[in-house]
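One file, query_30.cif, is given below (mmCIF, C-alpha atoms).
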data_protein
#
loop_
_atom_site.label_atom_id
_atom_site.label_comp_id
_atom_site.auth_asym_id
_atom_site.auth_seq_id
_atom_site.Cartn_x
_atom_site.Cartn_y
_atom_site.Cartn_z
CA MET A 1 41.99 -4.71 67.12
CA PRO A 2 43.91 -2.39 64.73
CA PRO A 3 44.83 -3.79 61.29
CA LYS A 4 48.21 -5.51 61.32
CA LYS A 5 51.12 -3.65 59.76
CA LYS A 6 52.72 -4.96 56.61
CA PRO A 7 56.07 -6.65 57.29
CA ASP A 8 59.26 -4.79 56.43
CA ASN A 9 60.77 -6.35 53.29
CA SER A 10 63.53 -3.78 52.83
CA GLY A 11 66.22 -6.15 54.11
CA LEU A 12 65.25 -8.87 51.63
CA GLU A 13 65.15 -6.36 48.76
CA LYS A 14 68.63 -5.16 49.72
CA LEU A 15 69.90 -8.75 49.82
CA LYS A 16 68.42 -9.46 46.38
CA LYS A 17 70.11 -6.35 45.01
CA ASP A 18 73.46 -7.36 46.55
CA LEU A 19 73.22 -10.82 44.99
CA SER A 20 72.12 -9.58 41.56
CA GLU A 21 74.97 -7.09 41.44
CA GLY A 22 77.43 -9.76 42.57
CA GLY A 23 78.63 -7.88 45.61
CA PRO A 24 77.35 -9.24 48.95
CA GLY A 25 78.11 -6.99 51.90
CA GLN A 26 80.13 -7.65 55.03
CA LEU A 27 77.32 -8.26 57.54
CA TYR A 28 73.86 -9.89 57.46
CA VAL A 29 71.32 -11.06 60.03
CA PHE A 30 68.92 -13.77 58.78
CA HIS A 31 65.79 -14.50 60.79
CA GLY A 32 62.07 -15.06 60.37
CA GLU A 33 59.39 -17.74 60.00
CA GLU A 34 59.86 -18.52 56.32
CA THR A 35 62.74 -20.99 56.60
CA TYR A 36 62.43 -22.11 52.97
CA LEU A 37 63.25 -18.62 51.70
CA ARG A 38 65.93 -18.15 54.35
CA ASP A 39 67.73 -21.35 53.36
CA TYR A 40 67.36 -20.53 49.67
CA TYR A 41 68.98 -17.12 50.01
CA LEU A 42 71.61 -18.44 52.40
CA GLY A 43 72.57 -20.90 49.64
CA ARG A 44 72.69 -18.09 47.10
CA LEU A 45 74.87 -16.03 49.41
CA ARG A 46 77.28 -18.94 49.88
CA GLU A 47 77.51 -19.42 46.12
CA ALA A 48 78.26 -15.74 45.61
CA VAL A 49 80.92 -15.54 48.34
CA LEU A 50 82.56 -18.97 48.29
CA THR A 51 83.86 -18.95 44.75
CA GLY A 52 86.61 -21.09 43.31
CA GLY A 53 87.49 -24.73 43.79
CA LEU A 54 88.53 -24.21 47.42
CA GLY A 55 85.43 -22.24 48.34
CA GLU A 56 84.44 -24.41 51.32
CA PHE A 57 87.88 -23.91 52.89
CA ASN A 58 86.91 -20.27 53.28
CA ARG A 59 83.72 -21.03 55.21
CA HIS A 60 83.83 -20.82 59.01
CA ASP A 61 80.89 -21.99 61.17
CA LEU A 62 80.41 -20.94 64.80
CA SER A 63 77.71 -22.40 67.04
CA ALA A 64 76.27 -20.57 70.02
CA LYS A 65 78.37 -22.58 72.50
CA ASP A 66 81.60 -21.86 70.56
CA MET A 67 80.88 -18.19 70.05
CA SER A 68 82.96 -15.56 71.83
CA PRO A 69 84.64 -12.29 70.83
CA HIS A 70 87.95 -14.16 70.57
CA ALA A 71 86.47 -16.95 68.40
CA LEU A 72 84.77 -14.43 66.12
CA GLU A 73 87.89 -12.31 65.80
CA GLU A 74 89.96 -15.37 64.88
CA ALA A 75 87.45 -16.30 62.13
CA VAL A 76 87.40 -12.73 60.82
CA ASP A 77 91.20 -12.61 60.70
CA CYS A 78 91.42 -15.77 58.57
CA LEU A 79 92.49 -14.61 55.12
CA PRO A 80 90.77 -16.24 52.12
CA MET A 81 92.58 -19.19 50.57
CA MET A 82 92.90 -18.96 46.77
CA ALA A 83 89.72 -16.85 46.64
CA GLU A 84 88.61 -13.30 47.20
CA ARG A 85 86.36 -13.72 50.25
CA THR A 86 85.53 -15.75 53.35
CA LEU A 87 82.10 -16.49 54.84
CA ILE A 88 81.46 -16.80 58.58
CA GLN A 89 78.13 -18.23 59.76
CA VAL A 90 77.13 -17.83 63.41
CA THR A 91 74.02 -19.86 64.27
CA ASP A 92 71.53 -19.14 67.05
CA PHE A 93 73.73 -16.87 69.13
CA ASP A 94 71.90 -14.13 71.04
CA LEU A 95 74.18 -11.14 70.61
CA PHE A 96 72.10 -8.95 72.88
CA ARG A 97 72.25 -11.27 75.89
CA ALA A 98 76.04 -11.23 75.97
CA GLY A 99 77.72 -9.43 78.84
CA GLU A 100 78.54 -5.75 78.53
CA LYS A 101 82.26 -6.41 78.00
CA ASP A 102 81.54 -8.91 75.22
CA ARG A 103 79.01 -6.59 73.58
CA ASP A 104 81.60 -3.82 73.46
CA ALA A 105 84.01 -6.28 71.81
CA TYR A 106 81.39 -7.27 69.24
CA VAL A 107 80.75 -3.59 68.47
CA ARG A 108 84.46 -3.14 67.80
CA ILE A 109 84.66 -6.25 65.56
CA LEU A 110 81.50 -5.53 63.56
CA SER A 111 82.50 -1.90 63.04
CA ALA A 112 85.70 -2.92 61.25
CA LEU A 113 84.94 -6.04 59.21
CA PRO A 114 87.43 -6.39 56.35
CA ASP A 115 86.21 -6.29 52.76
CA TYR A 116 87.06 -9.94 52.21
CA CYS A 117 84.78 -11.10 55.04
CA CYS A 118 81.03 -11.82 54.86
CA LEU A 119 79.55 -12.48 58.32
CA VAL A 120 76.05 -13.97 58.68
CA PHE A 121 74.19 -14.29 61.96
CA LEU A 122 71.58 -17.01 61.37
CA TYR A 123 68.61 -17.34 63.74
CA ASP A 124 66.94 -20.72 63.30
CA VAL A 125 65.56 -22.01 66.61
CA LEU A 126 66.34 -18.83 68.52
CA GLU A 127 64.24 -15.72 67.92
CA TYR A 128 66.08 -12.57 66.92
CA LYS A 129 65.30 -9.87 69.50
CA PRO A 130 67.47 -6.79 69.01
CA ASP A 131 67.72 -4.17 71.72
CA ALA A 132 67.41 -0.93 69.75
CA ARG A 133 68.85 1.10 72.64
CA THR A 134 72.30 -0.50 72.46
CA LYS A 135 75.38 0.45 70.46
CA LEU A 136 75.39 -3.08 69.08
CA ALA A 137 72.00 -2.61 67.44
CA GLY A 138 73.18 0.69 65.97
CA VAL A 139 76.29 -0.92 64.47
CA ILE A 140 74.22 -3.72 62.91
CA ARG A 141 71.86 -1.15 61.37
CA GLU A 142 74.72 0.97 60.01
CA GLN A 143 77.10 -1.75 58.86
CA GLY A 144 74.79 -4.63 57.96
CA THR A 145 71.49 -5.78 56.56
CA VAL A 146 68.83 -7.39 58.73
CA VAL A 147 66.71 -9.75 56.61
CA ASN A 148 63.37 -10.83 58.05
CA PHE A 149 62.08 -13.78 56.03
CA VAL A 150 58.35 -13.33 56.58
CA ARG A 151 55.49 -15.47 55.34
CA GLN A 152 54.71 -14.59 51.75
CA GLY A 153 51.49 -12.95 50.58
CA PRO A 154 48.81 -14.61 48.41
CA SER A 155 50.09 -13.34 45.05
CA GLU A 156 53.71 -14.36 45.74
CA LEU A 157 52.64 -17.80 46.94
CA ARG A 158 50.30 -18.26 43.97
CA ASP A 159 53.10 -17.60 41.47
CA TRP A 160 55.56 -19.74 43.43
CA ILE A 161 53.17 -22.72 43.63
CA ARG A 162 52.43 -22.56 39.90
CA ARG A 163 56.14 -22.46 39.04
CA HIS A 164 56.84 -25.51 41.19
CA PHE A 165 53.97 -27.48 39.67
CA ARG A 166 55.19 -26.54 36.17
CA ALA A 167 58.61 -27.94 37.08
CA LEU A 168 56.78 -31.24 37.69
CA GLY A 169 54.97 -31.00 34.36
CA LYS A 170 51.65 -29.95 35.94
CA GLU A 171 49.38 -26.92 35.71
CA ILE A 172 47.20 -25.55 38.50
CA GLU A 173 44.60 -22.77 38.46
CA PRO A 174 45.28 -19.68 40.58
CA ARG A 175 42.05 -20.32 42.51
CA LEU A 176 43.28 -23.78 43.49
CA CYS A 177 46.58 -22.28 44.62
CA ASP A 178 44.65 -20.15 47.12
CA GLU A 179 42.64 -23.18 48.22
CA MET A 180 45.83 -25.16 48.69
CA VAL A 181 47.37 -22.43 50.84
CA PHE A 182 44.24 -22.36 53.00
CA TYR A 183 44.22 -26.16 53.24
CA CYS A 184 47.94 -26.81 53.82
CA GLY A 185 49.15 -23.57 55.37
CA ASP A 186 51.31 -20.79 53.93
CA LEU A 187 54.82 -21.88 54.91
CA MET A 188 56.77 -22.68 51.77
CA GLN A 189 58.78 -25.53 53.29
CA ASN A 190 55.58 -27.46 53.97
CA LEU A 191 53.98 -26.42 50.68
CA GLN A 192 56.97 -27.74 48.74
CA GLN A 193 56.51 -31.19 50.29
CA GLU A 194 52.78 -31.15 49.51
CA ILE A 195 53.41 -30.02 45.92
CA GLU A 196 55.74 -32.99 45.38
CA LYS A 197 53.11 -35.39 46.79
CA ILE A 198 50.29 -33.92 44.73
CA GLY A 199 52.42 -33.77 41.57
CA ALA A 200 53.31 -37.45 41.91
CA TYR A 201 49.67 -38.42 42.59
CA ALA A 202 47.87 -36.33 39.93
CA LYS A 203 47.23 -38.34 36.77
CA GLY A 204 46.25 -35.51 34.44
CA GLU A 205 48.21 -32.48 33.29
CA ARG A 206 46.02 -30.22 35.44
CA VAL A 207 45.91 -30.54 39.22
CA THR A 208 42.37 -30.79 40.59
CA TRP A 209 40.94 -30.20 44.06
CA ALA A 210 40.37 -33.96 44.30
CA ASP A 211 44.13 -34.47 43.82
CA ILE A 212 44.92 -32.01 46.62
CA GLU A 213 42.36 -33.43 49.02
CA ALA A 214 43.46 -37.02 48.32
CA VAL A 215 47.09 -36.73 49.44
CA ALA A 216 47.77 -33.32 51.04
CA ALA A 217 47.88 -33.06 54.83
CA PRO A 218 45.42 -30.40 56.01
CA GLN A 219 46.39 -27.87 58.65
CA LEU A 220 44.40 -27.60 61.84
CA GLY A 221 42.68 -24.35 60.85
CA ALA A 222 41.34 -25.79 57.59
CA VAL A 223 39.70 -28.73 59.35
CA VAL A 224 38.27 -26.49 62.06
CA PHE A 225 36.78 -24.32 59.32
CA ARG A 226 34.87 -27.37 58.10
CA ILE A 227 33.41 -27.74 61.60
CA ALA A 228 32.13 -24.15 61.41
CA ASP A 229 30.59 -24.89 58.01
CA ALA A 230 28.87 -27.99 59.41
CA ILE A 231 27.45 -25.96 62.30
CA GLY A 232 26.17 -23.40 59.79
CA GLU A 233 24.34 -26.26 58.07
CA LYS A 234 22.97 -27.36 61.50
CA ASN A 235 24.62 -30.71 60.81
CA PHE A 236 25.97 -31.88 64.16
CA ASP A 237 26.85 -35.34 62.84
CA LYS A 238 29.14 -33.79 60.22
CA ALA A 239 30.71 -31.49 62.81
CA ALA A 240 31.31 -34.41 65.17
CA ALA A 241 32.80 -36.53 62.36
CA THR A 242 35.20 -33.71 61.47
CA LEU A 243 36.13 -33.39 65.14
CA GLY A 244 36.90 -37.11 65.08
CA GLU A 245 39.27 -36.51 62.14
CA LEU A 246 41.20 -34.05 64.28
CA TYR A 247 41.57 -36.59 67.07
CA GLN A 248 42.86 -39.07 64.46
CA MET A 249 45.43 -36.42 63.49
CA GLN A 250 46.61 -36.62 67.13
CA LYS A 251 45.33 -33.14 67.95
CA THR A 252 44.45 -32.59 71.60
CA PRO A 253 41.13 -31.03 72.72
CA TYR A 254 43.12 -28.03 73.94
CA GLU A 255 44.70 -27.44 70.52
CA ILE A 256 41.32 -27.86 68.83
CA MET A 257 39.62 -25.53 71.28
CA GLY A 258 42.26 -22.85 70.67
CA ALA A 259 41.84 -23.08 66.89
CA PHE A 260 38.04 -23.26 67.10
CA GLY A 261 37.88 -20.27 69.43
CA LYS A 262 39.98 -18.24 66.99
CA GLN A 263 37.70 -19.38 64.16
CA MET A 264 34.63 -18.12 66.04
CA ARG A 265 36.31 -14.77 66.72
CA GLN A 266 37.12 -14.43 63.03
CA LEU A 267 33.56 -15.36 62.16
CA TYR A 268 32.28 -12.72 64.58
CA SER A 269 34.50 -10.05 63.00
CA ALA A 270 33.29 -11.12 59.53
CA ARG A 271 29.67 -10.79 60.64
CA LEU A 272 30.44 -7.33 62.05
CA ALA A 273 32.08 -6.45 58.73
CA LEU A 274 29.00 -7.55 56.79
CA ASP A 275 26.72 -5.48 59.01
CA GLY A 276 29.10 -2.54 58.73
CA ARG A 277 29.34 -2.89 54.93
CA LYS A 278 33.02 -3.73 54.96
CA ASN A 279 34.54 -6.26 52.56
CA ALA A 280 36.65 -9.40 52.83
CA ALA A 281 39.88 -7.43 52.31
CA TRP A 282 39.16 -5.47 55.50
CA VAL A 283 38.75 -8.69 57.49
CA ALA A 284 41.89 -10.20 55.94
CA GLN A 285 43.91 -7.11 56.91
CA LEU A 286 42.40 -7.10 60.40
CA TRP A 287 43.56 -10.64 61.08
CA GLY A 288 46.68 -10.61 58.95
CA MET A 289 45.30 -13.48 56.87
CA ARG A 290 47.55 -14.93 54.17
CA TYR A 291 44.62 -16.19 52.12
CA PRO A 292 41.46 -14.49 50.82
CA ALA A 293 38.76 -14.03 53.47
CA ASP A 294 35.93 -14.49 50.95
CA ARG A 295 35.03 -17.95 52.23
CA LEU A 296 34.91 -16.60 55.78
CA MET A 297 32.42 -13.95 54.66
CA VAL A 298 30.28 -16.58 52.93
CA THR A 299 30.15 -18.67 56.11
CA ALA A 300 29.42 -15.60 58.25
CA ARG A 301 26.24 -14.93 56.24
CA ARG A 302 24.78 -18.12 57.70
CA PHE A 303 24.91 -16.79 61.25
CA SER A 304 23.30 -13.89 63.07
CA LEU A 305 25.38 -11.34 64.99
CA PRO A 306 23.95 -12.45 68.38
CA TRP A 307 24.82 -16.09 67.59
CA CYS A 308 28.41 -15.13 66.70
CA ARG A 309 28.76 -13.09 69.88
CA ASN A 310 27.42 -15.96 71.99
CA ALA A 311 29.70 -18.45 70.21
CA VAL A 312 32.76 -16.38 71.13
CA ILE A 313 31.63 -16.24 74.77
CA ARG A 314 30.85 -19.96 74.95
CA CYS A 315 34.24 -20.83 73.43
CA ALA A 316 35.97 -18.76 76.11
CA GLN A 317 33.89 -20.39 78.85
CA THR A 318 34.57 -23.89 77.52
CA ASP A 319 38.30 -23.19 77.21
CA LEU A 320 38.35 -22.03 80.84
CA ALA A 321 36.40 -25.11 81.95
CA MET A 322 38.87 -27.41 80.15
CA LYS A 323 41.78 -25.84 82.00
CA SER A 324 40.30 -25.34 85.45
CA THR A 325 37.46 -27.75 86.29
CA GLY A 326 38.96 -31.16 85.68
CA GLN A 327 36.03 -32.16 83.45
CA ASP A 328 36.69 -34.38 80.45
CA ALA A 329 38.04 -32.08 77.72
CA LYS A 330 36.69 -34.15 74.82
CA GLU A 331 33.23 -34.22 76.37
CA LEU A 332 33.27 -30.44 76.87
CA MET A 333 34.28 -29.94 73.22
CA THR A 334 31.49 -32.21 71.96
CA THR A 335 28.91 -30.50 74.18
CA LEU A 336 29.97 -27.10 72.82
CA LEU A 337 29.57 -28.22 69.21
CA LEU A 338 26.14 -29.71 69.92
CA GLU A 339 24.99 -26.52 71.62
CA LEU A 340 26.22 -24.28 68.81
CA ALA A 341 24.73 -26.51 66.11
CA ASN A 342 21.35 -26.52 67.84
CA THR A 343 21.26 -22.71 68.19
CA ALA A 344 22.70 -21.83 64.77
#
Using structure tokens, write down the structure from this file.
Amino acid sequence: MPPKKKPDNSGLEKLKKDLSEGGPGQLYVFHGEETYLRDYYLGRLREAVLTGGLGEFNRHDLSAKDMSPHALEEAVDCLPMMAERTLIQVTDFDLFRAGEKDRDAYVRILSALPDYCCLVFLYDVLEYKPDARTKLAGVIREQGTVVNFVRQGPSELRDWIRRHFRALGKEIEPRLCDEMVFYCGDLMQNLQQEIEKIGAYAKGERVTWADIEAVAAPQLGAVVFRIADAIGEKNFDKAAATLGELYQMQKTPYEIMGAFGKQMRQLYSARLALDGRKNAAWVAQLWGMRYPADRLMVTARRFSLPWCRNAVIRCAQTDLAMKSTGQDAKELMTTLLLELANTA
């Protein structure tokens, strides 16, 4: 598996520059997993474009079902009322699945957007899948800015978490920020909710791990990691108890098996890295991890390479059995954990 490429942040940097210089362009495409950042910058864009007391009168929203070349052209032709600009937001419309005649019309419209108009294609539920071979994709590249709001890296998240805790009158160590990201996931929308819960719960000025663990909702991967740790300790009871926690979280055996299988593959790659004298950064880049892989390397030291290889195989076999044999999925999952704990 080749190391994953770094995401392209050029669109976001261009958007930031447009906003800081007070001159948003005529065309933007907003998409990506990080909805918190997307909504934040969409709000900033609205503030920059919809100025004056009648700003909202100059905002035009088009849903996918209402969208057509005629509807878009009508919105574009609406002159701003007692302001300099208008803003058009088109939500979850797949430009590239439109018919050829409509695509040609969109090429014509997007190629000649007036200066007073700011058009935003927002992809929320729908995934943005441009067809680079089309004229439409070329016009969007030339005339607009495509902003992919990707998951943020460890350093960006660390600073962001600390700022949000400070706004609540709390301090948190950088190390705990990383632990929180591992425990709660790296999407900022979810992290914001957890920060508010932790900030309200924590009694002292400094947030502790006990505060995080007491009220934050763990993600599936973090709990599964605890199962791997328990197996490394040859503690089947602890592994089974943690598995029970996942069932209480309403996770199905199939979801758990998928996450556990991935965990074993990561563990196997970490063991290979240790034997090949590679570091945690190499493993993190290999898997595109958003948190430090140091703890994965520590856990991998508890297992031999043959055990890791066998664990990956047995996970695949158990996953297949769950989906094809009709055997009880929970029983298969428990049997797998018992076998791995006994052979660790």
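Here the PyMOL selection byres ((chain A and resi 331) around 12) matches the residues Ala240, Leu243, Pro253, Tyr254, Met257, Thr318, Ala321, Met322, Gly326, Gln327, Asp328, Ala329, Lys330, Leu332, Met333, Thr334, Thr335, Leu336, Leu337 and Leu338 of chain A.
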Selection above as a file: C-alpha atoms, as a CSV table (one decimal), keeping the file's coordinate frame:
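Printed below is selection23.csv as written:
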chain,number,residue,atom,x,y,z
A,240,ALA,CA,31.3,-34.4,65.2
A,243,LEU,CA,36.1,-33.4,65.1
A,253,PRO,CA,41.1,-31.0,72.7
A,254,TYR,CA,43.1,-28.0,73.9
A,257,MET,CA,39.6,-25.5,71.3
A,318,THR,CA,34.6,-23.9,77.5
A,321,ALA,CA,36.4,-25.1,82.0
A,322,MET,CA,38.9,-27.4,80.2
A,326,GLY,CA,39.0,-31.2,85.7
A,327,GLN,CA,36.0,-32.2,83.4
A,328,ASP,CA,36.7,-34.4,80.4
A,329,ALA,CA,38.0,-32.1,77.7
A,330,LYS,CA,36.7,-34.2,74.8
A,332,LEU,CA,33.3,-30.4,76.9
A,333,MET,CA,34.3,-29.9,73.2
A,334,THR,CA,31.5,-32.2,72.0
A,335,THR,CA,28.9,-30.5,74.2
A,336,LEU,CA,30.0,-27.1,72.8
A,337,LEU,CA,29.6,-28.2,69.2
A,338,LEU,CA,26.1,-29.7,69.9
TODO: List the residues matched by the PyMOL selection byres ((chain A and resi 63) around 8) in the displayed structure as number ranges by chain, ordered by chain and then by residue number.
DONE: A: 61-62, 64-67, 90-93
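Look at segment 222-235 of chain A: the protein and nucleic acid residues within 7 Å of it, using only C-alpha atoms and passing over chain neighbours fewer than 2 places away, are Phe182, Tyr183, Pro218, Gln219, Leu220, Asp237, Lys238, Ala239, Thr242, Ala259, Phe260, Gln263, Thr299, Arg302, Phe303, Leu340, Ala341, Asn342 and Ala344 of chain A.
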Open item on the list: Measuring between all atoms listed in the file, which one of A:Leu286, A:Ala98, A:Val29, A:Leu12 shows the shortest distance to Glu127 of chain A?
Closed with: A:Val29
Open item on the list: Counting only C-alpha atoms, which residue out of A:Asp178, A:Glu100, A:Glu196, A:Asp94 sits closest to Leu157 of chain A?
Closed with: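 Residue with the minimum atom-to-atom distance to Leu157 of chain A: A:Asp178.
With all atoms listed in the file as the atoms that count, the residue of A:Lys135, A:Lys129, A:Arg265, A:His164 with the shortest distance to Asp104 of chain A is A:Lys135.
Between Ala284 of chain A and the candidates A:Gly221, A:Pro69, A:Gly52, A:Pro154, the tightest atom-to-atom separation, counting all atoms listed in the file, involves A:Pro154.
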